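So this one's structure-v6.cif, mmCIF, C-alpha atoms and all ligand atoms:
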```
data_input
#
loop_
_atom_site.label_atom_id
_atom_site.label_comp_id
_atom_site.auth_asym_id
_atom_site.auth_seq_id
_atom_site.Cartn_x
_atom_site.Cartn_y
_atom_site.Cartn_z
CA MET A 115 1.80 11.27 -20.93
CA PRO A 116 1.98 9.10 -17.81
CA ALA A 117 5.49 8.02 -16.81
CA TYR A 118 4.39 4.42 -16.11
CA LYS A 119 2.31 1.74 -17.81
CA ARG A 120 1.77 -0.45 -14.72
CA ILE A 121 1.97 0.56 -11.07
CA LEU A 122 1.57 -1.13 -7.72
CA LEU A 123 -0.13 1.21 -5.27
CA LYS A 124 0.13 0.50 -1.54
CA LEU A 125 -2.67 2.16 0.40
CA SER A 126 -2.35 2.51 4.14
CA GLY A 127 -5.17 0.85 6.06
CA GLU A 128 -4.87 3.47 8.74
CA ALA A 129 -5.41 6.25 6.23
CA LEU A 130 -8.81 4.72 5.35
CA MET A 131 -10.00 5.81 8.80
CA GLY A 132 -9.92 9.45 7.73
CA ASP A 133 -10.68 11.41 10.88
CA ASP A 134 -12.47 8.48 12.54
CA ALA A 135 -10.95 6.49 15.40
CA PHE A 136 -11.03 3.20 13.48
CA GLY A 137 -12.78 1.50 10.57
CA ILE A 138 -13.43 2.86 7.10
CA ASN A 139 -14.30 6.50 6.54
CA ARG A 140 -16.71 6.79 3.59
CA ALA A 141 -15.52 10.15 2.27
CA THR A 142 -11.88 9.06 2.45
CA ILE A 143 -12.35 5.81 0.54
CA VAL A 144 -14.48 7.54 -2.13
CA ARG A 145 -11.82 10.20 -2.61
CA MET A 146 -9.04 7.60 -2.94
CA VAL A 147 -11.05 5.70 -5.53
CA GLU A 148 -11.64 8.88 -7.54
CA GLU A 149 -7.90 9.47 -7.66
CA ILE A 150 -7.29 5.88 -8.79
CA ALA A 151 -10.01 6.23 -11.45
CA GLU A 152 -8.26 9.32 -12.76
CA VAL A 153 -4.99 7.49 -13.41
CA THR A 154 -6.70 4.45 -14.94
CA ARG A 155 -8.42 6.82 -17.38
CA MET A 156 -4.92 7.92 -18.37
CA GLY A 157 -4.32 4.30 -19.48
CA VAL A 158 -2.21 3.24 -16.49
CA GLN A 159 -2.69 -0.33 -15.24
CA VAL A 160 -3.24 -0.22 -11.48
CA ALA A 161 -2.82 -2.95 -8.88
CA VAL A 162 -3.45 -2.11 -5.23
CA VAL A 163 -2.22 -3.62 -1.97
CA ILE A 164 -4.31 -2.46 0.95
CA GLY A 165 -3.26 -2.45 4.60
CA GLY A 166 -5.32 -3.37 7.64
CA GLY A 167 -4.18 -1.10 10.44
CA ASN A 168 -7.52 0.74 10.64
CA ILE A 169 -9.42 -2.40 11.62
CA PHE A 170 -6.69 -4.46 13.20
CA ARG A 171 -5.42 -1.77 15.54
CA GLY A 172 -9.05 -1.39 16.63
CA VAL A 173 -9.08 -4.97 17.94
CA ALA A 174 -5.39 -5.12 18.87
CA GLY A 175 -6.19 -4.66 22.55
CA GLY A 176 -7.88 -8.06 22.51
CA SER A 177 -4.84 -9.60 20.85
CA VAL A 178 -2.46 -8.77 23.71
CA GLY A 179 -0.78 -11.95 24.89
CA MET A 180 -1.82 -13.83 21.77
CA ASP A 181 0.56 -15.73 19.53
CA ARG A 182 2.17 -13.33 17.09
CA ALA A 183 1.19 -15.57 14.18
CA THR A 184 -2.48 -15.67 15.26
CA ALA A 185 -2.58 -11.90 15.64
CA ASP A 186 -1.00 -11.57 12.19
CA TYR A 187 -3.71 -13.76 10.65
CA MET A 188 -6.26 -11.42 12.21
CA GLY A 189 -4.38 -8.54 10.60
CA MET A 190 -4.51 -10.27 7.22
CA LEU A 191 -8.27 -10.79 7.57
CA ALA A 192 -8.59 -7.06 8.31
CA THR A 193 -6.98 -6.34 4.93
CA VAL A 194 -9.59 -8.60 3.30
CA MET A 195 -12.36 -6.43 4.75
CA ASN A 196 -10.66 -3.28 3.47
CA ALA A 197 -10.12 -4.88 0.06
CA LEU A 198 -13.83 -5.75 -0.21
CA ALA A 199 -14.79 -2.19 0.73
CA LEU A 200 -12.32 -0.77 -1.76
CA GLY A 201 -13.42 -3.12 -4.57
CA ASP A 202 -17.08 -2.30 -3.98
CA THR A 203 -16.39 1.44 -3.95
CA MET A 204 -14.43 1.06 -7.21
CA ASP A 205 -17.27 -0.81 -8.90
CA LYS A 206 -19.75 1.90 -7.84
CA ALA A 207 -17.39 4.54 -9.26
CA GLY A 208 -17.47 2.84 -12.68
CA LEU A 209 -14.17 0.98 -12.45
CA VAL A 210 -13.99 -2.79 -12.77
CA ALA A 211 -12.24 -4.17 -9.69
CA ARG A 212 -11.10 -7.70 -8.91
CA VAL A 213 -10.13 -8.62 -5.36
CA MET A 214 -7.64 -11.48 -4.98
CA SER A 215 -6.63 -12.98 -1.65
CA ALA A 216 -3.30 -14.49 -0.61
CA ILE A 217 -5.08 -16.75 1.88
CA GLY A 218 -7.72 -19.27 0.79
CA ILE A 219 -11.15 -17.78 1.47
CA GLU A 220 -12.85 -18.66 -1.83
CA ARG A 221 -16.45 -18.01 -0.82
CA VAL A 222 -15.53 -14.41 -0.13
CA VAL A 223 -12.81 -13.48 -2.63
CA GLU A 224 -11.06 -15.29 -5.43
CA PRO A 225 -7.58 -16.62 -4.71
CA TYR A 226 -4.48 -14.83 -5.96
CA VAL A 227 -3.32 -16.50 -9.15
CA ARG A 228 -0.56 -14.56 -10.86
CA PRO A 229 -1.51 -15.16 -14.53
CA LYS A 230 -5.10 -14.24 -13.73
CA ALA A 231 -4.00 -11.00 -12.10
CA LEU A 232 -1.89 -10.19 -15.16
CA GLN A 233 -4.86 -10.89 -17.41
CA TYR A 234 -7.10 -8.55 -15.41
CA LEU A 235 -4.50 -5.79 -15.59
CA GLU A 236 -4.20 -6.18 -19.37
CA GLU A 237 -7.99 -5.87 -19.55
CA GLY A 238 -7.85 -2.57 -17.71
CA LYS A 239 -9.35 -3.91 -14.49
CA VAL A 240 -8.03 -2.74 -11.15
CA VAL A 241 -6.68 -5.64 -9.10
CA VAL A 242 -6.85 -5.35 -5.31
CA PHE A 243 -4.51 -7.71 -3.49
CA ALA A 244 -5.88 -8.77 -0.11
CA ALA A 245 -4.34 -10.65 2.84
CA GLY A 246 -0.84 -9.28 2.34
CA THR A 247 1.70 -11.96 1.51
CA GLY A 248 -0.44 -14.62 3.19
CA ASN A 249 2.28 -15.18 5.79
CA PRO A 250 2.57 -14.01 9.38
CA PHE A 251 5.62 -11.94 10.35
CA PHE A 252 5.29 -9.89 7.17
CA THR A 253 3.63 -6.55 6.43
CA THR A 254 1.50 -5.22 3.63
CA ASP A 255 4.47 -3.05 2.63
CA THR A 256 6.39 -6.25 1.93
CA ALA A 257 3.32 -7.59 0.09
CA ALA A 258 3.43 -4.46 -2.07
CA ALA A 259 7.10 -5.07 -2.90
CA LEU A 260 6.44 -8.76 -3.63
CA ARG A 261 3.35 -8.27 -5.81
CA GLY A 262 4.96 -5.30 -7.51
CA ALA A 263 7.88 -7.50 -8.55
CA GLU A 264 5.60 -10.41 -9.53
CA ILE A 265 3.38 -8.37 -11.84
CA GLY A 266 6.28 -6.46 -13.36
CA ALA A 267 5.17 -3.07 -12.07
CA GLU A 268 7.58 -0.29 -13.00
CA ILE A 269 7.30 1.29 -9.56
CA VAL A 270 5.78 0.74 -6.12
CA LEU A 271 3.85 3.78 -4.90
CA LYS A 272 3.37 3.99 -1.16
CA ALA A 273 0.59 6.41 -0.27
CA THR A 274 0.94 7.06 3.44
CA LYS A 275 0.56 9.56 6.28
CA VAL A 276 3.81 11.40 5.56
CA ASP A 277 4.72 13.17 2.32
CA GLY A 278 8.04 11.38 1.84
CA VAL A 279 11.14 9.99 3.51
CA TYR A 280 12.63 12.27 6.18
CA SER A 281 16.06 12.32 7.78
CA ALA A 282 14.31 11.16 10.99
CA ASP A 283 10.72 10.29 11.94
CA PRO A 284 8.97 13.67 11.38
CA LYS A 285 6.41 12.80 14.07
CA LYS A 286 9.17 12.73 16.67
CA ASP A 287 11.71 15.17 15.23
CA PRO A 288 10.36 18.52 13.96
CA GLU A 289 13.82 19.36 12.56
CA ALA A 290 13.73 16.40 10.16
CA THR A 291 14.12 17.26 6.48
CA ARG A 292 12.59 15.51 3.51
CA TYR A 293 14.60 13.82 0.76
CA THR A 294 13.59 14.29 -2.88
CA SER A 295 15.36 11.03 -3.65
CA ILE A 296 17.44 8.55 -1.69
CA THR A 297 19.12 5.22 -2.46
CA PHE A 298 18.01 1.90 -0.97
CA ASP A 299 21.39 1.49 0.68
CA GLU A 300 21.06 4.84 2.41
CA VAL A 301 17.47 4.32 3.56
CA ILE A 302 18.34 0.85 4.94
CA GLY A 303 21.70 1.95 6.38
CA LYS A 304 20.15 4.89 8.21
CA ASN A 305 17.29 2.75 9.50
CA LEU A 306 14.65 5.16 8.21
CA GLU A 307 11.47 3.45 9.24
CA VAL A 308 8.92 4.78 6.80
CA MET A 309 8.75 1.28 5.29
CA ASP A 310 10.06 -1.97 6.74
CA ALA A 311 13.53 -3.22 5.83
CA THR A 312 12.19 -6.42 4.25
CA ALA A 313 10.19 -4.39 1.73
CA PHE A 314 13.14 -2.10 0.97
CA ALA A 315 15.53 -5.05 0.56
CA LEU A 316 13.21 -6.89 -1.81
CA CYS A 317 12.76 -3.82 -4.01
CA ARG A 318 16.49 -3.13 -3.98
CA ASP A 319 17.29 -6.67 -5.14
CA GLN A 320 14.68 -6.45 -7.90
CA LYS A 321 15.71 -2.88 -8.86
CA LEU A 322 12.11 -1.83 -8.34
CA PRO A 323 11.92 1.86 -7.37
CA ILE A 324 9.54 3.09 -4.66
CA LYS A 325 7.86 6.45 -4.42
CA ILE A 326 6.59 7.54 -1.02
CA PHE A 327 3.99 10.32 -0.95
CA SER A 328 1.09 11.66 1.08
CA ILE A 329 -2.27 9.93 0.84
CA PHE A 330 -3.93 13.12 2.15
CA LYS A 331 -2.66 15.45 -0.56
CA LEU A 332 -5.24 15.93 -3.31
CA GLY A 333 -3.97 15.07 -6.79
CA ALA A 334 -0.68 13.65 -5.49
CA LEU A 335 -1.24 10.25 -7.12
CA ARG A 336 -1.79 11.85 -10.53
CA ARG A 337 1.33 13.98 -10.16
CA VAL A 338 3.41 10.94 -9.17
CA VAL A 339 2.09 8.99 -12.16
CA MET A 340 2.90 11.93 -14.46
CA GLY A 341 6.47 11.77 -13.17
CA GLU A 342 6.23 15.19 -11.52
CA ASP A 343 8.16 16.22 -8.41
CA GLU A 344 6.14 14.79 -5.52
CA GLY A 345 7.18 12.82 -2.43
CA THR A 346 10.44 10.86 -2.23
CA LEU A 347 11.88 8.45 -4.78
CA VAL A 348 13.82 5.49 -3.35
CA HIS A 349 16.09 4.01 -6.00
CA VAL A 350 19.06 1.69 -6.56
N1 LIG B 401 12.55 8.70 8.28
C1 LIG B 401 11.23 8.75 8.20
N2 LIG B 401 10.64 9.44 7.18
C2 LIG B 401 9.30 9.47 7.07
N3 LIG B 401 8.46 8.83 7.92
C3 LIG B 401 8.98 8.11 8.93
C4 LIG B 401 10.39 8.02 9.11
N4 LIG B 401 10.62 7.24 10.20
C5 LIG B 401 9.43 6.84 10.65
N5 LIG B 401 8.41 7.35 9.92
C6 LIG B 401 7.00 7.11 10.20
O1 LIG B 401 6.51 6.14 9.27
C7 LIG B 401 5.09 6.28 9.18
C8 LIG B 401 4.59 5.65 7.89
O2 LIG B 401 4.70 4.26 7.98
P1 LIG B 401 3.49 3.28 8.42
O3 LIG B 401 2.93 3.68 9.74
O4 LIG B 401 3.97 1.89 8.22
O5 LIG B 401 2.42 3.70 7.32
P2 LIG B 401 1.30 2.84 6.56
O6 LIG B 401 0.12 2.82 7.47
O7 LIG B 401 1.11 3.68 5.34
O8 LIG B 401 1.89 1.49 6.24
C9 LIG B 401 4.84 7.77 9.27
O9 LIG B 401 3.66 8.06 9.94
C10 LIG B 401 6.08 8.31 10.01
O10 LIG B 401 5.76 8.87 11.28
O1 LIG B 402 1.90 -10.33 4.65
C1 LIG B 402 1.33 -9.89 5.66
C2 LIG B 402 0.63 -8.66 5.67
C3 LIG B 402 0.00 -8.25 6.83
N1 LIG B 402 0.05 -9.02 7.97
C4 LIG B 402 -0.67 -8.60 9.19
O2 LIG B 402 -1.68 -7.66 8.88
C5 LIG B 402 -1.53 -6.45 9.62
C6 LIG B 402 -2.04 -5.26 8.85
O3 LIG B 402 -1.15 -4.87 7.84
P1 LIG B 402 -0.26 -3.51 7.94
O4 LIG B 402 0.09 -3.24 9.35
O5 LIG B 402 0.86 -3.66 6.97
O6 LIG B 402 -1.30 -2.44 7.43
P2 LIG B 402 -1.19 -0.82 7.33
O7 LIG B 402 -0.06 -0.36 8.24
O8 LIG B 402 -0.90 -0.49 5.92
O9 LIG B 402 -2.54 -0.32 7.73
C7 LIG B 402 -0.06 -6.44 10.00
O10 LIG B 402 0.18 -5.68 11.15
C8 LIG B 402 0.21 -7.93 10.24
O11 LIG B 402 -0.25 -8.31 11.52
C9 LIG B 402 0.75 -10.21 7.96
O12 LIG B 402 0.83 -10.90 8.97
N2 LIG B 402 1.36 -10.62 6.81
#
```

Starting from the file, give its structure as structure tokens.
Ligand SMILES: Nc1ncnc2c1ncn2[C@@H]1O[C@H](COP(=O)(O)OP(=O)(O)O)[C@@H](O)[C@H]1O
Ligand SMILES: O=c1ccn([C@@H]2O[C@H](COP(=O)(O)OP(=O)(O)O)[C@@H](O)[C@H]2O)c(=O)[nH]1
Amino acid sequence: MPAYKRILLKLSGEALMGDDAFGINRATIVRMVEEIAEVTRMGVQVAVVIGGGNIFRGVAGGSVGMDRATADYMGMLATVMNALALGDTMDKAGLVARVMSAIGIERVVEPYVRPKALQYLEEGKVVVFAAGTGNPFFTTDTAAALRGAEIGAEIVLKATKVDGVYSADPKKDPEATRYTSITFDEVIGKNLEVMDATAFALCRDQKLPIKIFSIFKLGALRRVVMGEDEGTLVHV
């Protein structure tokens, strides 16, 4: 039996690159969709927030010296591209996906309307939230926390490049050790940067737990959904 009825899954844009330098790696996106399909077949309602780092960091050189807000809008548009790719891959894999955007771009994707998103989830469709929160100066991690709270998800699952929260950035400190679970106060107090503080604070206030796990580990999503020991749980 799955441990959750409704989840909000945050997928790293950068992870979509696979081994490529930028853009969307076909094998990687197909594999991610297969893992999502597996948990939906278990009866879990899945909403996804997708990042944009794979595309946006590819053009970031050109954004040097730009207004932060303008660059952020470019980043949000990058997430729309990823969301379209993800939705299309889901449809081809036999899932029914609905992409909803936080910024008005109606000819391309339908706008985010909360009751409509809830309806889709009840119908067993996978909802892909594009364009983050729709506001500059935020991240897609914060969008995941926000949408997770809005749709009443029981947990936010962050699938990322590391397999959990470490005592220090494992990329910089090889001695860092991984937590099995940690409180919001501790993760914020120690400035552990696996997710931004805005996202952590929002989840803490809403008592919405977060699980951080590796996007590269096969079957990790299923194990997390089954409530098995995988990654790091951040809780109140
Ligand atoms: N204490 C920590 N524990 C785990 N990862 C950390 C920590 N501090 C920094 N990081 C870094 O955070 C990164 C994940 O965050 P981010 O780059 O925002 O991922 P995403 O693309 O999934 O949003 C990891 O690659 C890791 O190097
Ligand atoms: O609510 C949001 C979400 C995203 N972004 C912009 O979109 C980029 C891509 O998102 P993110 O870096 O979170 O993607 P990921 O790291 O998951 O690939 C960010 O750097 C921001 O510039 C934004 O301005 N507001």

**Item:** Residues within 10 Å of Ser295 (chain A), all atoms listed in the file, excluding chain neighbours under 3 positions, as an NGL selection string
**Value:** :A and (278-279 or 292 or 298 or 324-326 or 345-349)

Got a sec to check which residues lie within 10 Å of ligand LIG 402 (chain B), using only C-alpha atoms and all ligand atoms, and send them as an mmCIF file with C-alpha atoms, in the coordinates of the input?
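Now in selection.cif:
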```
data_model
loop_
_atom_site.group_PDB
_atom_site.id
_atom_site.type_symbol
_atom_site.label_atom_id
_atom_site.label_comp_id
_atom_site.auth_asym_id
_atom_site.auth_seq_id
_atom_site.Cartn_x
_atom_site.Cartn_y
_atom_site.Cartn_z
ATOM 1 C CA LYS A 124 0.130 0.500 -1.540
ATOM 2 C CA LEU A 125 -2.670 2.160 0.400
ATOM 3 C CA SER A 126 -2.350 2.510 4.140
ATOM 4 C CA GLY A 127 -5.170 0.850 6.060
ATOM 5 C CA GLU A 128 -4.870 3.470 8.740
ATOM 6 C CA ALA A 129 -5.410 6.250 6.230
ATOM 7 C CA LEU A 130 -8.810 4.720 5.350
ATOM 8 C CA MET A 131 -10.000 5.810 8.800
ATOM 9 C CA VAL A 163 -2.220 -3.620 -1.970
ATOM 10 C CA ILE A 164 -4.310 -2.460 0.950
ATOM 11 C CA GLY A 165 -3.260 -2.450 4.600
ATOM 12 C CA GLY A 166 -5.320 -3.370 7.640
ATOM 13 C CA GLY A 167 -4.180 -1.100 10.440
ATOM 14 C CA ASN A 168 -7.520 0.740 10.640
ATOM 15 C CA ILE A 169 -9.420 -2.400 11.620
ATOM 16 C CA PHE A 170 -6.690 -4.460 13.200
ATOM 17 C CA ARG A 171 -5.420 -1.770 15.540
ATOM 18 C CA ALA A 174 -5.390 -5.120 18.870
ATOM 19 C CA ARG A 182 2.170 -13.330 17.090
ATOM 20 C CA ALA A 183 1.190 -15.570 14.180
ATOM 21 C CA THR A 184 -2.480 -15.670 15.260
ATOM 22 C CA ALA A 185 -2.580 -11.900 15.640
ATOM 23 C CA ASP A 186 -1.000 -11.570 12.190
ATOM 24 C CA TYR A 187 -3.710 -13.760 10.650
ATOM 25 C CA MET A 188 -6.260 -11.420 12.210
ATOM 26 C CA GLY A 189 -4.380 -8.540 10.600
ATOM 27 C CA MET A 190 -4.510 -10.270 7.220
ATOM 28 C CA LEU A 191 -8.270 -10.790 7.570
ATOM 29 C CA ALA A 192 -8.590 -7.060 8.310
ATOM 30 C CA THR A 193 -6.980 -6.340 4.930
ATOM 31 C CA VAL A 194 -9.590 -8.600 3.300
ATOM 32 C CA ASN A 196 -10.660 -3.280 3.470
ATOM 33 C CA ALA A 216 -3.300 -14.490 -0.610
ATOM 34 C CA ILE A 217 -5.080 -16.750 1.880
ATOM 35 C CA ALA A 244 -5.880 -8.770 -0.110
ATOM 36 C CA ALA A 245 -4.340 -10.650 2.840
ATOM 37 C CA GLY A 246 -0.840 -9.280 2.340
ATOM 38 C CA THR A 247 1.700 -11.960 1.510
ATOM 39 C CA GLY A 248 -0.440 -14.620 3.190
ATOM 40 C CA ASN A 249 2.280 -15.180 5.790
ATOM 41 C CA PRO A 250 2.570 -14.010 9.380
ATOM 42 C CA PHE A 251 5.620 -11.940 10.350
ATOM 43 C CA PHE A 252 5.290 -9.890 7.170
ATOM 44 C CA THR A 253 3.630 -6.550 6.430
ATOM 45 C CA THR A 254 1.500 -5.220 3.630
ATOM 46 C CA ASP A 255 4.470 -3.050 2.630
ATOM 47 C CA THR A 256 6.390 -6.250 1.930
ATOM 48 C CA ALA A 257 3.320 -7.590 0.090
ATOM 49 C CA ALA A 258 3.430 -4.460 -2.070
ATOM 50 C CA LEU A 260 6.440 -8.760 -3.630
ATOM 51 C CA LYS A 272 3.370 3.990 -1.160
ATOM 52 C CA ALA A 273 0.590 6.410 -0.270
ATOM 53 C CA THR A 274 0.940 7.060 3.440
ATOM 54 C CA MET A 309 8.750 1.280 5.290
ATOM 55 C CA ASP A 310 10.060 -1.970 6.740
#
```

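Neighbours of region 227-233 of chain A closer than or equal to 9 Å, with all atoms listed in the file counted and sequence neighbours fewer than 5 positions away skipped, come out as Ala161, Arg212, Met214, Ser215, Ala216, Gly238, Lys239, Val241, Arg261, Glu264 and Ile265 of chain A.
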
**Item:** Point (-12.6, -4.4, -7.6) neighbourhood (12 Å, only C-alpha atoms) written as a ChimeraX atom specification
**Value:** /A:147,150-151,160-163,196-214,223-224,231,234-235,238-244

Listed atoms of ligand LIG 401 (chain B) boxed along x, y and z, 5 Å each side, centre and edge lengths in Å, one decimal, as lines of an AutoDock Vina configuration file:
```
center_x = 6.3
center_y = 5.5
center_z = 8.3
size_x = 22.4
size_y = 18.0
size_z = 15.9
```

**Asked** With distances taken over only C-alpha atoms, which of A:Glu149, A:Ile296, A:Ile219, A:Thr154 is nearest to Pro323 (chain A)?
**Response** A:Ile296

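Comparing A:Pro288, A:Gly175, A:Gly218, A:Gly333 by their smallest distance to ligand LIG 401 (chain B), the closest is A:Pro288 (using all atoms listed in the file).
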
**Message:** For a quick check of understanding, using only C-alpha atoms and all ligand atoms, which of A:Pro225, A:Gly176, A:Gly266, A:Pro284 has the smallest distance to ligand LIG 401 (chain B)?
**Reply:**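 Of all the options, A:Pro284 lies closest to ligand LIG 401 (chain B).
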